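Trainee: Data file protein-v7.txt (compact mmCIF, N, CA and C atoms) is appended below.
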```
# COMPACT_ATOMS: atom_id res chain seq x y z
N MET A 1 33.14 34.37 19.22
CA MET A 1 33.58 33.58 20.36
C MET A 1 34.84 32.81 19.99
N ILE A 2 35.76 32.73 20.89
CA ILE A 2 37.01 32.03 20.67
C ILE A 2 36.82 30.54 20.94
N ALA A 3 37.30 29.71 20.05
CA ALA A 3 37.22 28.26 20.23
C ALA A 3 38.12 27.84 21.38
N GLN A 4 37.67 26.92 22.16
CA GLN A 4 38.43 26.42 23.31
C GLN A 4 38.74 24.94 23.12
N ILE A 5 39.78 24.49 23.78
CA ILE A 5 40.07 23.05 23.78
C ILE A 5 38.97 22.40 24.60
N GLU A 6 38.29 21.43 24.01
CA GLU A 6 37.17 20.80 24.66
C GLU A 6 37.53 19.40 25.12
N ASP A 7 36.65 18.83 25.89
CA ASP A 7 36.75 17.44 26.32
C ASP A 7 38.01 17.15 27.12
N VAL A 8 38.47 18.10 27.90
CA VAL A 8 39.66 17.88 28.72
C VAL A 8 39.40 16.78 29.74
N GLU A 9 38.17 16.72 30.25
CA GLU A 9 37.85 15.74 31.27
C GLU A 9 37.88 14.31 30.76
N THR A 10 37.82 14.10 29.44
CA THR A 10 37.83 12.75 28.92
C THR A 10 39.24 12.17 28.82
N LEU A 11 40.25 13.01 29.00
CA LEU A 11 41.62 12.51 28.96
C LEU A 11 41.93 11.75 30.25
N PRO A 12 42.68 10.66 30.16
CA PRO A 12 43.03 9.93 31.37
C PRO A 12 43.92 10.78 32.26
N ARG A 13 43.70 10.68 33.54
CA ARG A 13 44.52 11.43 34.50
C ARG A 13 45.52 10.47 35.13
N HIS A 14 46.78 10.84 35.09
CA HIS A 14 47.85 10.03 35.65
C HIS A 14 48.53 10.82 36.74
N GLY A 15 48.88 10.14 37.81
CA GLY A 15 49.59 10.80 38.89
C GLY A 15 51.07 10.88 38.59
N ILE A 16 51.79 11.62 39.41
CA ILE A 16 53.23 11.73 39.25
C ILE A 16 53.85 10.36 39.41
N GLY A 17 54.79 10.06 38.53
CA GLY A 17 55.47 8.78 38.61
C GLY A 17 54.80 7.67 37.84
N SER A 18 53.65 7.96 37.24
CA SER A 18 52.95 6.91 36.50
C SER A 18 53.23 6.99 35.00
N CYS A 19 54.23 7.74 34.61
CA CYS A 19 54.49 7.91 33.18
C CYS A 19 54.95 6.61 32.53
N HIS A 20 55.35 5.62 33.33
CA HIS A 20 55.79 4.35 32.76
C HIS A 20 54.67 3.32 32.71
N SER A 21 53.46 3.73 33.12
CA SER A 21 52.35 2.79 33.06
C SER A 21 51.91 2.60 31.62
N LYS A 22 51.36 1.42 31.34
CA LYS A 22 50.92 1.11 29.98
C LYS A 22 49.56 1.74 29.72
N PRO A 23 49.32 2.21 28.49
CA PRO A 23 48.00 2.75 28.15
C PRO A 23 46.94 1.67 28.26
N ARG A 24 45.73 2.06 28.55
CA ARG A 24 44.63 1.11 28.66
C ARG A 24 44.25 0.58 27.29
N ASN A 25 43.84 -0.67 27.24
CA ASN A 25 43.34 -1.31 26.01
C ASN A 25 44.32 -1.19 24.84
N ASN A 26 45.59 -1.28 25.12
CA ASN A 26 46.63 -1.19 24.09
C ASN A 26 46.55 0.10 23.27
N GLU A 27 45.95 1.13 23.85
CA GLU A 27 45.82 2.40 23.16
C GLU A 27 47.07 3.24 23.40
N ILE A 28 47.64 3.75 22.32
CA ILE A 28 48.79 4.63 22.44
C ILE A 28 48.30 6.04 22.19
N LEU A 29 48.40 6.86 23.23
CA LEU A 29 47.93 8.22 23.11
C LEU A 29 49.08 9.11 22.65
N PRO A 30 48.85 9.90 21.61
CA PRO A 30 49.92 10.76 21.09
C PRO A 30 50.23 11.90 22.05
N LEU A 31 51.47 12.34 22.03
CA LEU A 31 51.92 13.48 22.82
C LEU A 31 52.46 14.54 21.88
N MET A 32 52.31 15.80 22.25
CA MET A 32 52.88 16.88 21.46
C MET A 32 53.38 17.96 22.42
N HIS A 33 54.65 18.32 22.25
CA HIS A 33 55.23 19.37 23.08
C HIS A 33 54.77 20.73 22.53
N PRO A 34 54.60 21.73 23.39
CA PRO A 34 54.20 23.05 22.91
C PRO A 34 55.11 23.62 21.83
N ARG A 35 56.40 23.31 21.86
CA ARG A 35 57.30 23.80 20.80
C ARG A 35 56.86 23.26 19.44
N GLU A 36 56.52 21.98 19.40
CA GLU A 36 56.07 21.37 18.15
C GLU A 36 54.72 21.96 17.72
N PHE A 37 53.82 22.13 18.69
CA PHE A 37 52.51 22.69 18.39
C PHE A 37 52.65 24.09 17.80
N LEU A 38 53.44 24.94 18.45
CA LEU A 38 53.59 26.32 17.98
C LEU A 38 54.35 26.42 16.67
N SER A 39 55.15 25.41 16.35
CA SER A 39 55.82 25.43 15.04
C SER A 39 54.83 25.14 13.92
N GLN A 40 53.73 24.47 14.24
CA GLN A 40 52.72 24.14 13.24
C GLN A 40 51.56 25.14 13.21
N PHE A 41 51.26 25.73 14.36
CA PHE A 41 50.11 26.62 14.49
C PHE A 41 50.56 27.93 15.13
N PRO A 42 50.53 29.02 14.38
CA PRO A 42 51.06 30.29 14.87
C PRO A 42 50.14 31.00 15.87
N LEU A 43 50.25 30.60 17.12
CA LEU A 43 49.54 31.27 18.20
C LEU A 43 50.56 31.99 19.07
N THR A 44 50.11 33.00 19.78
CA THR A 44 50.99 33.64 20.75
C THR A 44 51.03 32.80 22.01
N TYR A 45 52.02 33.06 22.85
CA TYR A 45 52.10 32.34 24.13
C TYR A 45 50.81 32.57 24.92
N LYS A 46 50.29 33.78 24.90
CA LYS A 46 49.08 34.10 25.65
C LYS A 46 47.88 33.32 25.11
N GLU A 47 47.75 33.27 23.79
CA GLU A 47 46.64 32.52 23.20
C GLU A 47 46.71 31.05 23.58
N LEU A 48 47.90 30.47 23.51
CA LEU A 48 48.05 29.07 23.86
C LEU A 48 47.79 28.86 25.34
N ALA A 49 48.31 29.75 26.18
CA ALA A 49 48.10 29.64 27.63
C ALA A 49 46.60 29.70 27.95
N ASP A 50 45.89 30.62 27.33
CA ASP A 50 44.44 30.73 27.57
C ASP A 50 43.72 29.45 27.17
N ARG A 51 44.10 28.87 26.06
CA ARG A 51 43.45 27.66 25.58
C ARG A 51 43.74 26.44 26.46
N LEU A 52 44.94 26.42 27.05
CA LEU A 52 45.32 25.30 27.91
C LEU A 52 44.93 25.52 29.38
N GLY A 53 44.59 26.74 29.72
CA GLY A 53 44.25 27.04 31.11
C GLY A 53 45.48 27.11 32.00
N VAL A 54 46.59 27.57 31.43
CA VAL A 54 47.83 27.73 32.19
C VAL A 54 48.29 29.18 32.06
N THR A 55 49.37 29.52 32.72
CA THR A 55 49.89 30.88 32.64
C THR A 55 50.85 31.03 31.47
N VAL A 56 51.06 32.26 31.07
CA VAL A 56 52.05 32.56 30.04
C VAL A 56 53.43 32.15 30.53
N TYR A 57 53.66 32.26 31.84
CA TYR A 57 54.96 31.87 32.41
C TYR A 57 55.22 30.37 32.23
N ALA A 58 54.16 29.57 32.33
CA ALA A 58 54.32 28.13 32.11
C ALA A 58 54.74 27.87 30.66
N ILE A 59 54.06 28.53 29.72
CA ILE A 59 54.42 28.37 28.31
C ILE A 59 55.86 28.80 28.08
N ASP A 60 56.23 29.95 28.64
CA ASP A 60 57.59 30.47 28.49
C ASP A 60 58.61 29.49 29.05
N ASN A 61 58.32 28.88 30.19
CA ASN A 61 59.24 27.90 30.77
C ASN A 61 59.36 26.66 29.90
N TRP A 62 58.25 26.21 29.32
CA TRP A 62 58.30 25.03 28.44
C TRP A 62 59.09 25.34 27.18
N MET A 63 58.86 26.51 26.63
CA MET A 63 59.55 26.88 25.39
C MET A 63 61.03 27.12 25.63
N GLY A 64 61.39 27.61 26.81
CA GLY A 64 62.78 27.86 27.15
C GLY A 64 63.49 26.67 27.75
N LYS A 65 62.82 25.51 27.74
CA LYS A 65 63.38 24.25 28.25
C LYS A 65 63.75 24.30 29.73
N ARG A 66 63.06 25.17 30.48
CA ARG A 66 63.28 25.24 31.93
C ARG A 66 62.34 24.31 32.68
N ALA A 67 61.32 23.84 32.00
CA ALA A 67 60.34 22.92 32.59
C ALA A 67 59.70 22.14 31.45
N ASN A 68 59.00 21.09 31.80
CA ASN A 68 58.29 20.28 30.80
C ASN A 68 56.81 20.23 31.15
N PRO A 69 55.95 20.28 30.14
CA PRO A 69 54.52 20.16 30.40
C PRO A 69 54.17 18.74 30.82
N SER A 70 53.06 18.61 31.52
CA SER A 70 52.61 17.29 31.94
C SER A 70 52.23 16.46 30.72
N ARG A 71 52.16 15.17 30.90
CA ARG A 71 51.73 14.29 29.81
C ARG A 71 50.30 14.61 29.41
N GLN A 72 49.47 14.96 30.38
CA GLN A 72 48.08 15.32 30.07
C GLN A 72 48.05 16.55 29.17
N THR A 73 48.87 17.54 29.46
CA THR A 73 48.93 18.74 28.63
C THR A 73 49.42 18.40 27.23
N GLN A 74 50.41 17.52 27.14
CA GLN A 74 50.93 17.12 25.83
C GLN A 74 49.89 16.34 25.04
N ARG A 75 49.08 15.53 25.73
CA ARG A 75 47.99 14.81 25.05
C ARG A 75 46.93 15.79 24.58
N GLN A 76 46.63 16.78 25.42
CA GLN A 76 45.66 17.81 25.09
C GLN A 76 46.10 18.54 23.81
N LEU A 77 47.38 18.89 23.74
CA LEU A 77 47.90 19.58 22.56
C LEU A 77 47.84 18.70 21.32
N ALA A 78 48.18 17.42 21.46
CA ALA A 78 48.12 16.51 20.32
C ALA A 78 46.70 16.38 19.80
N ASP A 79 45.75 16.28 20.72
CA ASP A 79 44.35 16.17 20.33
C ASP A 79 43.88 17.46 19.66
N PHE A 80 44.24 18.60 20.22
CA PHE A 80 43.86 19.89 19.66
C PHE A 80 44.47 20.06 18.27
N ALA A 81 45.73 19.69 18.11
CA ALA A 81 46.40 19.80 16.80
C ALA A 81 45.69 18.93 15.76
N GLU A 82 45.31 17.74 16.16
CA GLU A 82 44.60 16.84 15.23
C GLU A 82 43.27 17.44 14.81
N ARG A 83 42.54 18.01 15.77
CA ARG A 83 41.26 18.63 15.44
C ARG A 83 41.45 19.86 14.54
N LEU A 84 42.51 20.62 14.77
CA LEU A 84 42.79 21.77 13.91
C LEU A 84 43.11 21.33 12.48
N LYS A 85 43.84 20.23 12.34
CA LYS A 85 44.19 19.72 11.01
C LYS A 85 42.95 19.22 10.26
N GLU A 86 42.02 18.62 10.99
CA GLU A 86 40.85 18.00 10.37
C GLU A 86 39.70 18.97 10.13
N ASN A 87 39.64 20.06 10.88
CA ASN A 87 38.47 20.94 10.84
C ASN A 87 38.88 22.34 10.37
N ALA A 88 38.62 22.66 9.13
CA ALA A 88 39.02 23.94 8.56
C ALA A 88 38.33 25.12 9.25
N GLN A 89 37.07 24.95 9.63
CA GLN A 89 36.34 26.02 10.30
C GLN A 89 36.96 26.32 11.67
N LEU A 90 37.28 25.29 12.42
CA LEU A 90 37.92 25.48 13.72
C LEU A 90 39.29 26.12 13.53
N ARG A 91 40.04 25.63 12.57
CA ARG A 91 41.38 26.18 12.30
C ARG A 91 41.29 27.66 11.96
N LYS A 92 40.32 28.02 11.14
CA LYS A 92 40.15 29.43 10.76
C LYS A 92 39.80 30.28 11.98
N SER A 93 38.92 29.81 12.84
CA SER A 93 38.52 30.60 14.01
C SER A 93 39.65 30.71 15.04
N VAL A 94 40.44 29.66 15.17
CA VAL A 94 41.52 29.67 16.15
C VAL A 94 42.71 30.48 15.67
N LEU A 95 43.04 30.35 14.41
CA LEU A 95 44.25 30.97 13.89
C LEU A 95 44.03 32.38 13.33
N SER A 96 42.79 32.84 13.30
CA SER A 96 42.57 34.20 12.83
C SER A 96 43.08 35.18 13.87
N THR A 97 43.81 36.15 13.43
CA THR A 97 44.33 37.14 14.34
C THR A 97 43.30 38.23 14.56
N GLU A 98 43.05 38.51 15.81
CA GLU A 98 42.07 39.53 16.14
C GLU A 98 42.78 40.86 16.29
N THR A 99 42.40 41.80 15.45
CA THR A 99 43.05 43.11 15.50
C THR A 99 42.24 44.12 16.30
N GLU A 100 40.99 43.80 16.57
CA GLU A 100 40.15 44.72 17.36
C GLU A 100 40.42 44.52 18.84
N GLU A 101 40.55 45.63 19.55
CA GLU A 101 40.80 45.54 21.00
C GLU A 101 39.87 46.44 21.73
```
As structure tokens - that is how I would like this structure written.
Mentor:
Amino acid sequence: MIAQIEDVETLPRHGIGSCHSKPRNNEILPLMHPREFLSQFPLTYKELADRLGVTVYAIDNWMGKRANPSRQTQRQLADFAERLKENAQLRKSVLSTETEE
């Protein structure tokens, strides 16, 4: 089974235009752009798109600087990257290349 990004619902949801609002309880939530994530973790655009629940076209647009991911997506990536760094078993399952089709 492929590991999925979990706990998406626990991330705060912000509407458009609220990017200047202060984090709750003085909490600073980290952000990570897909370019930074993919430079650290070698996934294909399709693998990343599947994990984020977006299209490959969205990933391609973000990587080509034609669009920017939402803050929620960037938080999701930062959280996922942190979990990959801390959990060797998760990292191994996510980053293993599947050759069987």
Trainee: Do you know which residues are at most 8 Å from A:Thr55 counting only C-alpha atoms, after dropping those on the same chain fewer than 5 positions away, and could you put them as a VMD selection string?
Mentor: chain A and resid 46 49 to 50
Trainee: Just give me the gap between atom N of A:Tyr45 and atom N of A:Met63 in Å, one decimal is fine.
Mentor: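 Between atom N of A:Tyr45 and atom N of A:Met63 the gap works out to 10.2 Å.
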Trainee: Identify all residues of stretch 20-65 of chain A in alpha helix (DSSP H) (DSSP on the backbone) and supply them as number ranges by chain.
Mentor: A: 34-40, 45-52, 56-63
Trainee: Record the distance separating atom N of A:Asn61 and atom CA of A:Pro42, expressed in Å with one decimal.
Mentor: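 If I compute the distance from atom N of A:Asn61 to atom CA of A:Pro42, I get 17.0 Å.
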Trainee: One number please: atom N of A:Gly64 to atom CA of A:Glu86, in Å, one decimal.
Mentor: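 Between these atoms lies a distance of 28.0 Å.
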Trainee: At a cut-off of 6 Å, using all atoms listed in the file, what residues contact A:Leu31? Leave out same-chain residues fewer than 3 positions from it and give the result as number ranges by chain.
Mentor: A: 74-75, 78
Trainee: Which one of A:Ala88, A:Glu47, A:Val54, A:Leu77 sits closest to A:Pro34 if you count all atoms listed in the file?
Mentor: A:Leu77
